[in-house]
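Asker: So here's work00.txt, just compact mmCIF, C-alpha atoms:
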# COMPACT_ATOMS: atom_id res chain seq x y z
CA MET P 1 176.91 140.39 72.86
CA ALA P 2 177.46 137.89 70.05
CA GLN P 3 174.64 136.99 67.71
CA ILE P 4 174.25 133.24 67.39
CA ILE P 5 173.25 131.97 63.95
CA SER P 6 172.66 128.27 63.35
CA ILE P 7 172.99 126.90 59.84
CA HIS P 8 170.92 123.84 59.21
CA SER P 9 169.60 121.55 56.53
CA PHE P 10 167.20 118.67 56.99
CA ARG P 11 169.16 116.41 54.67
CA GLY P 12 172.87 115.96 54.02
CA GLY P 13 174.67 117.05 50.87
CA THR P 14 173.07 120.48 50.63
CA GLY P 15 176.42 122.30 50.78
CA LYS P 16 175.75 123.51 54.31
CA SER P 17 179.35 123.54 55.55
CA ASN P 18 180.60 125.21 52.37
CA LEU P 19 178.01 127.97 52.59
CA THR P 20 178.62 128.36 56.33
CA ALA P 21 182.36 128.86 55.74
CA ASN P 22 181.80 131.30 52.87
CA ILE P 23 179.17 133.39 54.68
CA ALA P 24 181.18 133.48 57.92
CA VAL P 25 184.30 134.74 56.12
CA ALA P 26 182.18 137.28 54.21
CA VAL P 27 180.86 138.62 57.54
CA ALA P 28 184.42 138.73 58.91
CA SER P 29 185.52 140.67 55.81
CA GLN P 30 183.28 143.47 57.07
CA GLY P 31 185.52 143.89 60.12
CA LYS P 32 183.61 141.52 62.40
CA ARG P 33 184.93 138.92 64.82
CA VAL P 34 183.32 135.65 63.78
CA GLY P 35 183.36 132.21 65.36
CA ILE P 36 182.24 128.94 63.78
CA VAL P 37 181.51 125.80 65.79
CA ASP P 38 181.25 122.47 64.01
CA THR P 39 178.56 120.69 66.01
CA ASP P 40 178.20 118.07 63.30
CA ILE P 41 180.07 115.71 65.63
CA GLN P 42 178.96 112.59 63.79
CA SER P 43 180.07 113.76 60.34
CA PRO P 44 182.37 116.77 60.79
CA GLY P 45 184.39 118.42 58.04
CA ILE P 46 184.15 122.21 57.83
CA HIS P 47 187.80 122.46 58.96
CA VAL P 48 188.81 120.80 55.69
CA ILE P 49 187.41 123.76 53.74
CA PHE P 50 189.67 126.04 55.80
CA GLY P 51 192.69 123.83 55.09
CA LEU P 52 192.97 122.85 58.75
CA ASP P 53 194.51 119.42 59.01
CA GLU P 54 193.42 116.99 61.76
CA ASP P 55 197.07 116.64 62.78
CA SER P 56 197.54 120.40 62.99
CA PHE P 57 195.04 120.96 65.79
CA THR P 58 195.64 119.79 69.31
CA HIS P 59 192.10 120.16 70.63
CA SER P 60 188.64 119.79 69.13
CA LEU P 61 185.06 120.24 70.35
CA ASN P 62 185.20 116.58 71.40
CA ASP P 63 187.96 117.41 73.93
CA TYR P 64 185.83 120.16 75.47
CA LEU P 65 182.82 117.83 75.73
CA TRP P 66 184.96 115.25 77.55
CA GLY P 67 186.27 117.87 79.97
CA ARG P 68 189.84 117.66 78.64
CA CYS P 69 190.15 121.40 77.98
CA ALA P 70 188.34 124.76 78.10
CA ILE P 71 186.23 125.73 75.07
CA GLU P 72 188.54 128.62 74.09
CA GLU P 73 191.43 126.14 73.77
CA THR P 74 189.53 124.43 70.94
CA ALA P 75 189.25 127.63 68.85
CA TYR P 76 191.73 128.28 66.03
CA ASN P 77 192.27 131.67 64.47
CA LEU P 78 192.08 130.95 60.75
CA THR P 79 192.47 134.54 59.57
CA PRO P 80 196.23 134.52 58.88
CA GLY P 81 195.96 131.39 56.72
CA LEU P 82 193.01 132.34 54.51
CA GLN P 83 193.97 131.95 50.85
CA THR P 84 192.89 133.61 47.63
CA ALA P 85 193.75 132.16 44.21
CA ASP P 86 196.96 134.22 44.23
CA GLY P 87 198.16 134.01 47.82
CA LEU P 88 197.21 135.06 51.31
CA ALA P 89 193.92 136.89 51.80
CA ASN P 90 193.75 140.12 53.74
CA ILE P 91 190.45 140.59 55.54
CA SER P 92 189.70 143.20 58.15
CA GLY P 93 187.96 140.96 60.71
CA GLN P 94 188.86 137.68 62.40
CA VAL P 95 187.60 134.11 61.86
CA PHE P 96 187.89 131.43 64.53
CA LEU P 97 186.90 127.79 64.14
CA VAL P 98 186.09 125.16 66.73
CA PRO P 99 186.46 121.92 64.77
CA SER P 100 185.03 118.52 65.61
CA SER P 101 187.33 115.55 65.39
CA LEU P 102 187.45 113.48 62.21
CA LYS P 103 189.07 110.57 64.05
CA ALA P 104 186.91 107.44 63.92
CA GLY P 105 187.58 106.67 67.58
CA GLU P 106 186.47 110.15 68.71
CA ILE P 107 183.26 109.96 66.65
CA ALA P 108 182.59 106.46 67.99
CA LYS P 109 183.13 107.69 71.58
CA VAL P 110 180.42 110.34 71.17
CA LEU P 111 178.03 107.78 69.73
CA ARG P 112 178.90 105.22 72.37
CA GLU P 113 178.95 107.32 75.52
CA GLY P 114 176.86 110.36 74.63
CA PHE P 115 177.65 113.73 76.19
CA ASP P 116 176.16 116.51 78.27
CA VAL P 117 174.18 118.63 75.79
CA GLY P 118 174.03 121.45 78.34
CA LEU P 119 177.81 121.79 78.07
CA LEU P 120 177.35 122.95 74.47
CA ASN P 121 175.17 125.86 75.56
CA ASP P 122 177.68 126.88 78.24
CA GLY P 123 180.50 126.47 75.70
CA PHE P 124 178.86 128.70 73.07
CA GLN P 125 178.34 131.50 75.57
CA GLU P 126 181.85 131.16 77.01
CA LEU P 127 183.43 131.12 73.57
CA ALA P 128 181.57 134.24 72.46
CA GLU P 129 182.69 136.04 75.61
CA GLN P 130 186.32 134.87 75.64
CA LEU P 131 186.89 135.69 71.96
CA ASN P 132 184.76 138.83 72.06
CA LEU P 133 182.78 137.61 69.06
CA ASP P 134 180.27 139.62 67.07
CA TYR P 135 178.82 136.51 65.44
CA LEU P 136 178.87 132.81 66.25
CA PHE P 137 177.88 130.47 63.44
CA ILE P 138 176.86 126.94 64.38
CA ASP P 139 177.31 124.34 61.65
CA THR P 140 174.74 121.72 62.69
CA HIS P 141 174.25 118.05 61.92
CA PRO P 142 171.65 117.49 59.18
CA GLY P 143 168.23 116.39 60.39
CA LEU P 144 167.19 116.68 64.01
CA ASN P 145 169.07 115.45 67.05
CA GLU P 146 169.65 116.74 70.58
CA GLU P 147 172.58 119.06 69.81
CA THR P 148 170.87 120.42 66.71
CA LEU P 149 167.70 121.18 68.69
CA LEU P 150 169.78 122.99 71.31
CA SER P 151 171.65 124.97 68.64
CA ILE P 152 168.37 126.01 67.06
CA ALA P 153 166.81 126.87 70.43
CA ILE P 154 169.55 129.27 71.50
CA SER P 155 169.95 130.97 68.11
CA ASP P 156 169.14 134.59 67.38
CA GLY P 157 168.85 133.65 63.74
CA MET P 158 168.63 130.49 61.69
CA VAL P 159 169.59 129.78 58.11
CA ILE P 160 168.03 126.72 56.51
CA ILE P 161 169.64 125.39 53.34
CA LEU P 162 167.73 123.33 50.83
CA ARG P 163 168.09 122.16 47.27
CA PRO P 164 165.27 122.39 44.72
CA ASP P 165 164.35 118.79 45.49
CA ARG P 166 161.09 117.32 46.74
CA GLN P 167 162.71 115.50 49.69
CA ASP P 168 164.42 118.72 50.77
CA PHE P 169 161.14 120.61 50.44
CA LEU P 170 159.31 118.19 52.76
CA GLY P 171 162.20 118.07 55.25
CA THR P 172 162.46 121.85 55.36
CA ALA P 173 158.80 122.03 56.40
CA VAL P 174 159.68 119.83 59.41
CA THR P 175 162.67 122.02 60.34
CA LEU P 176 160.56 125.16 60.06
CA GLU P 177 157.85 123.74 62.30
CA VAL P 178 160.47 122.86 64.93
CA ALA P 179 162.18 126.27 64.65
CA GLN P 180 158.85 127.99 65.18
CA ARG P 181 158.19 125.90 68.29
CA LEU P 182 161.61 126.96 69.58
CA ASP P 183 160.81 130.66 69.01
CA VAL P 184 163.76 131.36 66.68
CA PRO P 185 163.49 135.13 66.07
CA GLU P 186 164.80 135.28 62.48
CA ILE P 187 164.67 132.53 59.85
CA MET P 188 166.15 132.71 56.35
CA LEU P 189 166.07 130.10 53.59
CA LEU P 190 168.94 129.59 51.14
CA VAL P 191 168.40 127.52 48.01
CA ASN P 192 171.63 125.86 46.93
CA LYS P 193 172.79 123.66 44.04
CA VAL P 194 170.15 125.02 41.69
CA PRO P 195 170.64 123.73 38.12
CA GLN P 196 171.54 126.49 35.63
CA ALA P 197 168.43 125.61 33.61
CA PHE P 198 166.11 126.68 36.46
CA LYS P 199 164.80 130.24 36.45
CA ARG P 200 165.99 132.08 39.56
CA GLU P 201 162.84 134.17 40.10
CA SER P 202 160.57 131.19 39.60
CA VAL P 203 162.42 129.05 42.21
CA ILE P 204 162.49 131.89 44.76
CA GLU P 205 158.80 132.60 44.23
CA GLN P 206 157.92 128.93 44.59
CA VAL P 207 159.92 128.45 47.81
CA GLN P 208 158.69 131.67 49.45
CA ALA P 209 155.09 130.84 48.58
CA ARG P 210 155.44 127.36 50.01
CA TYR P 211 156.91 128.34 53.38
CA GLY P 212 156.05 132.00 53.85
CA VAL P 213 159.70 132.59 54.78
CA THR P 214 162.15 134.90 53.00
CA VAL P 215 164.60 133.33 50.58
CA GLY P 216 167.82 135.16 51.40
CA GLY P 217 169.83 133.75 48.52
CA LEU P 218 169.87 131.32 45.62
CA PHE P 219 173.07 129.61 44.52
CA GLN P 220 173.44 127.89 41.18
CA GLU P 221 175.56 124.83 40.51
CA ASN P 222 178.84 125.78 38.90
CA GLU P 223 181.96 124.19 37.49
CA GLU P 224 184.37 126.30 39.56
CA MET P 225 182.87 125.03 42.82
CA LEU P 226 183.34 121.44 41.70
CA GLN P 227 186.94 122.19 40.75
CA LEU P 228 187.71 123.82 44.10
CA ALA P 229 186.42 120.61 45.75
CA SER P 230 186.17 121.99 49.32
CA SER P 231 189.82 123.05 49.29
CA GLY P 232 189.20 126.71 50.06
CA ILE P 233 186.75 129.56 50.59
CA PHE P 234 185.08 129.95 47.21
CA TRP P 235 184.51 133.70 47.24
CA LEU P 236 188.15 134.37 48.11
CA HIS P 237 189.21 132.35 45.07
CA TYR P 238 186.51 133.70 42.71
CA PRO P 239 185.57 137.16 44.07
CA GLU P 240 183.71 138.26 40.94
CA HIS P 241 181.71 135.03 40.50
CA PRO P 242 177.88 135.33 40.84
CA PHE P 243 178.04 132.74 43.65
CA SER P 244 180.43 135.03 45.55
CA GLN P 245 178.21 138.07 45.01
CA GLU P 246 175.30 136.08 46.44
CA VAL P 247 177.39 135.06 49.48
CA HIS P 248 178.07 138.74 50.23
CA ALA P 249 174.41 139.63 49.75
CA VAL P 250 173.43 136.97 52.33
CA ALA P 251 176.14 138.19 54.74
CA ARG P 252 174.81 141.75 54.45
CA GLN P 253 171.25 140.60 55.16
CA LEU P 254 172.35 138.63 58.23
CA MET P 255 174.24 141.63 59.60
CA ALA P 256 171.28 143.92 58.91
CA GLU P 257 168.83 141.59 60.66
CA GLN P 258 170.78 141.20 63.88
CA MET W 259 152.80 106.25 53.10
CA ALA W 260 152.22 108.76 55.91
CA ASP W 261 149.10 110.88 55.80
CA GLN W 262 150.28 114.41 55.05
CA SER W 263 147.36 115.94 56.97
CA ASN W 264 149.10 114.78 60.19
CA MET W 265 151.67 117.53 59.66
CA ASP W 266 149.13 120.01 61.00
CA ASP W 267 147.75 117.82 63.75
CA GLN W 268 148.64 119.53 67.03
CA ASN W 269 147.82 116.35 69.01
CA GLU W 270 151.23 115.02 68.00
CA TRP W 271 152.75 117.67 70.29
CA GLN W 272 151.12 116.46 73.52
CA LEU W 273 153.55 115.45 76.26
CA ALA W 274 152.56 112.43 78.36
CA ARG W 275 152.83 112.69 82.14
CA HIS W 276 155.34 110.38 83.78
CA PRO W 277 153.39 107.63 85.59
CA SER W 278 155.79 107.28 88.56
CA GLY W 279 155.37 110.90 89.70
CA LYS W 280 159.18 111.27 89.84
CA PRO W 281 160.56 113.96 87.47
CA PRO W 282 161.94 112.12 84.44
CA THR W 283 165.17 113.04 82.69
CA ARG W 284 164.20 115.48 79.96
CA THR W 285 165.76 115.99 76.56
CA MET W 286 165.68 118.88 74.11
CA ALA W 287 163.12 116.91 72.12
CA ASP W 288 160.77 116.83 75.16
CA LEU W 289 160.82 120.62 75.20
CA LEU W 290 159.03 120.66 71.85
CA PHE W 291 156.03 118.95 73.44
CA LEU W 292 155.43 121.53 76.19
CA PRO W 293 152.40 123.84 75.99
CA GLU W 294 153.14 127.26 74.51
CA THR W 295 153.58 129.26 77.75
CA GLU W 296 155.95 126.74 79.36
CA ARG W 297 157.83 126.17 76.09
CA SER W 298 158.25 129.87 75.49
CA LEU W 299 159.66 130.36 79.01
CA MET W 300 162.06 127.43 78.53
CA ASN W 301 163.21 128.83 75.16
CA TRP W 302 163.89 132.20 76.76
CA LEU W 303 165.73 130.62 79.70
CA LEU W 304 167.89 128.53 77.37
CA ARG W 305 169.06 131.72 75.69
CA GLN W 306 169.56 133.45 79.06
CA GLN W 307 171.18 130.34 80.58
CA SER W 308 169.65 131.24 83.97
CA ALA W 309 167.39 133.83 85.59
CA THR W 310 166.18 134.91 89.02
CA LEU W 311 162.51 134.89 89.96
CA ALA W 312 162.39 138.67 89.54
CA GLU W 313 163.80 138.38 86.01
CA VAL W 314 161.28 135.67 85.11
CA VAL W 315 158.44 137.82 86.49
CA ALA W 316 159.65 140.76 84.39
CA HIS W 317 159.94 138.58 81.28
CA LEU W 318 156.49 137.08 81.67
CA ASN W 319 154.92 140.38 82.73
CA GLN W 320 152.69 138.38 85.05
CA PRO W 321 152.13 138.33 88.84
CA GLU W 322 154.87 136.68 90.91
CA ALA W 323 152.55 133.90 92.09
CA MET W 324 151.83 132.91 88.51
CA ALA W 325 155.55 132.86 87.64
CA ARG W 326 156.31 130.77 90.73
CA ASN W 327 153.63 128.24 89.76
CA LEU W 328 154.94 128.01 86.23
CA LEU W 329 158.53 127.48 87.40
CA GLN W 330 157.44 124.87 89.95
CA GLU W 331 155.48 123.05 87.27
CA LEU W 332 158.61 122.93 85.10
CA ILE W 333 160.72 121.73 88.05
CA ASP W 334 158.17 118.98 88.81
CA GLN W 335 158.28 117.87 85.18
CA GLY W 336 162.09 117.69 85.22
CA PHE W 337 162.78 120.59 82.84
CA MET W 338 164.15 123.09 85.35
CA GLN W 339 166.45 123.21 88.35
CA VAL W 340 167.09 125.78 91.05
CA VAL W 341 170.73 126.74 91.53
CA GLU W 342 171.67 128.48 94.76
CA SER W 343 173.90 131.50 94.13
CA ALA W 344 175.41 134.14 96.41
CA ASP W 345 172.56 136.61 95.97
CA GLU W 346 169.37 134.72 95.28
CA PRO W 347 168.34 131.39 93.75
CA GLU W 348 168.53 131.12 89.97
CA TYR W 349 166.42 129.01 87.68
CA ARG W 350 168.34 127.04 85.06
CA PRO W 351 167.11 124.67 82.34
CA LYS W 352 168.00 121.10 83.24
CA MET W 353 169.58 119.62 80.14
CA ALA W 354 169.79 115.91 79.70
CA ILE W 355 172.89 114.00 78.79
CA ARG W 356 172.79 112.73 75.24
CA LYS W 357 172.71 108.99 75.77
CA GLY W 358 175.09 106.65 74.01
CA ARG W 359 173.78 104.18 71.49
CA LYS W 360 173.40 100.49 72.22
CA VAL W 361 175.66 98.63 69.81
CA PRO W 362 177.60 95.38 70.42
CA THR W 363 180.81 96.11 72.37
CA ASN W 364 183.08 94.42 69.83
CA LEU W 365 181.92 96.91 67.18
CA TRP W 366 182.84 99.90 69.38
CA ASP W 367 186.14 98.28 70.36
CA ALA W 368 187.04 97.87 66.70
CA LEU W 369 186.63 101.61 66.19
CA GLU W 370 188.68 102.80 69.16
Please rewrite the model in this file as structure tokens.
Answerer:
Amino acid sequence: MAQIISIHSFRGGTGKSNLTANIAVAVASQGKRVGIVDTDIQSPGIHVIFGLDEDSFTHSLNDYLWGRCAIEETAYNLTPGLQTADGLANISGQVFLVPSSLKAGEIAKVLREGFDVGLLNDGFQELAEQLNLDYLFIDTHPGLNEETLLSIAISDGMVIILRPDRQDFLGTAVTLEVAQRLDVPEIMLLVNKVPQAFKRESVIEQVQARYGVTVGGLFQENEEMLQLASSGIFWLHYPEHPFSQEVHAVARQLMAEQ
Amino acid sequence: MADQSNMDDQNEWQLARHPSGKPPTRTMADLLFLPETERSLMNWLLRQQSATLAEVVAHLNQPEAMARNLLQELIDQGFMQVVESADEPEYRPKMAIRKGRKVPTNLWDALE
């Protein structure tokens, strides 16, 4: 049975999709079958990191929600196209992505007409079964809305991403309170975009003391990430980089917890 | 500025009864306002997708009558539905449709 892990941040711009993509591929590199669903229907984009062009996919999560296709028809096997800095990557597992549409009309349709939130729950379970997944990562919309609450509620584990920023700190407290009310079994915090000048141990200590939740990883801002500009999976391009080592450490913790 | 002490005020999580007596359409957000026992059962059922009475009794580790009452309470409040299956009835969370937003039609038309 697949383990469902939702990745969330209270505010936008935390690097949630980038970390989701990197961690998911790191888990797949350990021989696992991994699915990712982009439930950030209002501001999707994780497919861009995987180099998946809007014109190159025939179906998206939006099509499933409108009853135009089955959920498994919206999943794309990204494994053969994963790139390192030198060419094609060779990982032992499989990565599938269910993208949300980046077409303005499709986003507007969701906002205008709404959709059956229950269909998402059925879709997650069906997808995990059809693709025989070990892990299903849900890239959620920042903040709280109906689909995010559902994603959190059905998760076996939740990763909350925050920056060392006062607004993120206050928002994360809200997310944690909600996650606790929804009985999420495992919660992990990741601190991202930490300035190089900040002391790692001090930030981790501060965050853990504030929330009483384990900090599973801390990622510092770096020039290489800015240069890659969401055009690939960072750790495949920079396997020896400290950021990449941290990604693998988080992946190992998630696999150990489940 | 909001008073930060409200963060810990559990009164904010009280769910008002619907005045008409008819089960209202519930959302995921409503689930957060349920008392702990009901909320915990709903959380479990969301992960299970559905369960029979016997499965609910086993999960709660409580007498059948108590489980029945709890399920009926959730049905009356609009959170749960009974689905007839070949073997025995199953209890399923009743998820609301995410409503569309009210924006002038010409704005939507411009986007489509």
Asker: Would you mind listing, as an MDAnalysis selection string, all residues of chain P that have at least one atom within 8 Å of chain W, where only C-alpha atoms are what counts?
Answerer: chainID P and resid 104:106 108:118 121:122 145:146 149:150 153:155 178 181:183
Asker: Considering only C-alpha atoms, can you say which of P:Asn62, P:Asn192, P:Gln208, P:Gln227 comes closest to Leu19 in chain P?
Answerer: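 Distance minimum relative to Leu19 in chain P lands on P:Asn192.
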Asker: Report, in Å with one decimal, the straight-line distance from CA of Asp134 in chain P to CA of Lys32 in chain P.
Answerer: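 CA of Lys32 in chain P lies 6.0 Å from CA of Asp134 in chain P.
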Asker: Mind checking which residues fall within 7 Å of Arg350 in chain W, counting all atoms listed in the file, ignoring those fewer than 5 positions away in the same chain, and posting them as an NGL selection string?
Answerer: :W and (303 or 307-309 or 338-341)
Asker: Write out, as an mmCIF file, in the coordinates of the input, the residues just selected, with C-alpha atoms.
Answerer:
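What ended up in result_0.cif:
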data_model
loop_
_atom_site.group_PDB
_atom_site.id
_atom_site.type_symbol
_atom_site.label_atom_id
_atom_site.label_comp_id
_atom_site.auth_asym_id
_atom_site.auth_seq_id
_atom_site.Cartn_x
_atom_site.Cartn_y
_atom_site.Cartn_z
ATOM 1 C CA LEU W 303 165.730 130.620 79.700
ATOM 2 C CA GLN W 307 171.180 130.340 80.580
ATOM 3 C CA SER W 308 169.650 131.240 83.970
ATOM 4 C CA ALA W 309 167.390 133.830 85.590
ATOM 5 C CA MET W 338 164.150 123.090 85.350
ATOM 6 C CA GLN W 339 166.450 123.210 88.350
ATOM 7 C CA VAL W 340 167.090 125.780 91.050
ATOM 8 C CA VAL W 341 170.730 126.740 91.530
#
Asker: Counting all atoms listed in the file, what is within 10 Å of range 39-45 of chain P, bar same-chain residues fewer than 4 positions away, as a PDB file with C-alpha atoms, keeping the file's coordinate frame?
Answerer:
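Saved file selection_34.pdb follows:
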ATOM      1  CA  SER P   6     172.660 128.270  63.350  1.00  0.00           C
ATOM      2  CA  GLY P  12     172.870 115.960  54.020  1.00  0.00           C
ATOM      3  CA  SER P  17     179.350 123.540  55.550  1.00  0.00           C
ATOM      4  CA  ASN P  18     180.600 125.210  52.370  1.00  0.00           C
ATOM      5  CA  ILE P  49     187.410 123.760  53.740  1.00  0.00           C
ATOM      6  CA  PHE P  50     189.670 126.040  55.800  1.00  0.00           C
ATOM      7  CA  LEU P  52     192.970 122.850  58.750  1.00  0.00           C
ATOM      8  CA  GLU P  54     193.420 116.990  61.760  1.00  0.00           C
ATOM      9  CA  LEU P  61     185.060 120.240  70.350  1.00  0.00           C
ATOM     10  CA  ASN P  62     185.200 116.580  71.400  1.00  0.00           C
ATOM     11  CA  VAL P  98     186.090 125.160  66.730  1.00  0.00           C
ATOM     12  CA  PRO P  99     186.460 121.920  64.770  1.00  0.00           C
ATOM     13  CA  SER P 100     185.030 118.520  65.610  1.00  0.00           C
ATOM     14  CA  SER P 101     187.330 115.550  65.390  1.00  0.00           C
ATOM     15  CA  LEU P 102     187.450 113.480  62.210  1.00  0.00           C
ATOM     16  CA  LYS P 103     189.070 110.570  64.050  1.00  0.00           C
ATOM     17  CA  ALA P 104     186.910 107.440  63.920  1.00  0.00           C
ATOM     18  CA  GLU P 106     186.470 110.150  68.710  1.00  0.00           C
ATOM     19  CA  ILE P 107     183.260 109.960  66.650  1.00  0.00           C
ATOM     20  CA  ALA P 108     182.590 106.460  67.990  1.00  0.00           C
ATOM     21  CA  VAL P 110     180.420 110.340  71.170  1.00  0.00           C
ATOM     22  CA  LEU P 111     178.030 107.780  69.730  1.00  0.00           C
ATOM     23  CA  LEU P 120     177.350 122.950  74.470  1.00  0.00           C
ATOM     24  CA  ILE P 138     176.860 126.940  64.380  1.00  0.00           C
ATOM     25  CA  ASP P 139     177.310 124.340  61.650  1.00  0.00           C
ATOM     26  CA  THR P 140     174.740 121.720  62.690  1.00  0.00           C
ATOM     27  CA  HIS P 141     174.250 118.050  61.920  1.00  0.00           C
ATOM     28  CA  PRO P 142     171.650 117.490  59.180  1.00  0.00           C
ATOM     29  CA  GLU P 147     172.580 119.060  69.810  1.00  0.00           C
ATOM     30  CA  THR P 148     170.870 120.420  66.710  1.00  0.00           C
ATOM     31  CA  SER P 151     171.650 124.970  68.640  1.00  0.00           C
ATOM     32  CA  SER P 230     186.170 121.990  49.320  1.00  0.00           C
TER      33      SER P 230
END
Asker: Would you mind listing what lies within 9 Å of range 316-320 of chain W as a PyMOL selection string, with all atoms listed in the file counted and same-chain residues fewer than 4 positions away left out?
Answerer: chain W and resi 299+302+311-312+324-325
Asker: Would you save the residues of that selection, restricted to C-alpha atoms, as a compact mmCIF listing (two decimals), in the frame of the given file?
Answerer:
# COMPACT_ATOMS: atom_id res chain seq x y z
CA LEU W 299 159.66 130.36 79.01
CA TRP W 302 163.89 132.20 76.76
CA LEU W 311 162.51 134.89 89.96
CA ALA W 312 162.39 138.67 89.54
CA MET W 324 151.83 132.91 88.51
CA ALA W 325 155.55 132.86 87.64
Asker: For Met1 in chain P, find every residue with an atom within 8 Å (counting only C-alpha atoms), except residues of its own chain fewer than 6 positions away, and show them as an mmCIF file with C-alpha atoms, in the coordinates of the input.
Answerer:
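Final file, result-v9.cif:
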data_model
loop_
_atom_site.group_PDB
_atom_site.id
_atom_site.type_symbol
_atom_site.label_atom_id
_atom_site.label_comp_id
_atom_site.auth_asym_id
_atom_site.auth_seq_id
_atom_site.Cartn_x
_atom_site.Cartn_y
_atom_site.Cartn_z
ATOM 1 C CA ALA P 128 181.570 134.240 72.460
ATOM 2 C CA GLU P 129 182.690 136.040 75.610
ATOM 3 C CA LEU P 133 182.780 137.610 69.060
ATOM 4 C CA ASP P 134 180.270 139.620 67.070
#
Asker: Please list as an MDAnalysis selection string every residue within 10 Å of Val191 in chain P, counting all atoms listed in the file and excluding residues in the same chain fewer than 3 positions away.
Answerer: chainID P and resid 14:15 160:165 194 200 203:204 207 215:220
Asker: Which protein, DNA or RNA residues have an atom at most 9 Å from (194.1, 131.6, 60.1), counting all atoms listed in the file? List them as a PyMOL selection string.
Answerer: chain P and resi 50+52+76-82+94-96
Asker: Limited to C-alpha atoms, could you put the picked residues into a file as a tab-separated table (two decimals), in the coordinates of the input?
Answerer:
chain	number	residue	atom	x	y	z
P	50	PHE	CA	189.67	126.04	55.80
P	52	LEU	CA	192.97	122.85	58.75
P	76	TYR	CA	191.73	128.28	66.03
P	77	ASN	CA	192.27	131.67	64.47
P	78	LEU	CA	192.08	130.95	60.75
P	79	THR	CA	192.47	134.54	59.57
P	80	PRO	CA	196.23	134.52	58.88
P	81	GLY	CA	195.96	131.39	56.72
P	82	LEU	CA	193.01	132.34	54.51
P	94	GLN	CA	188.86	137.68	62.40
P	95	VAL	CA	187.60	134.11	61.86
P	96	PHE	CA	187.89	131.43	64.53
Asker: How far is it from CA of Ile233 in chain P to CA of Gln206 in chain P, in Å with one decimal?
Answerer: 29.5 Å
Asker: In Å, with one decimal, what is the gap from CA of Ser56 in chain P to CA of Val37 in chain P?
Answerer: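 Computing the Euclidean distance for CA of Ser56 in chain P and CA of Val37 in chain P yields 17.1 Å.
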Asker: With distances taken over only C-alpha atoms, which residue among P:Gly143, P:Gly232, P:Gly93, P:Gly123 lies nearest Ala70 in chain P?
Answerer: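 Under the stated criterion, the closest residue is P:Gly123.
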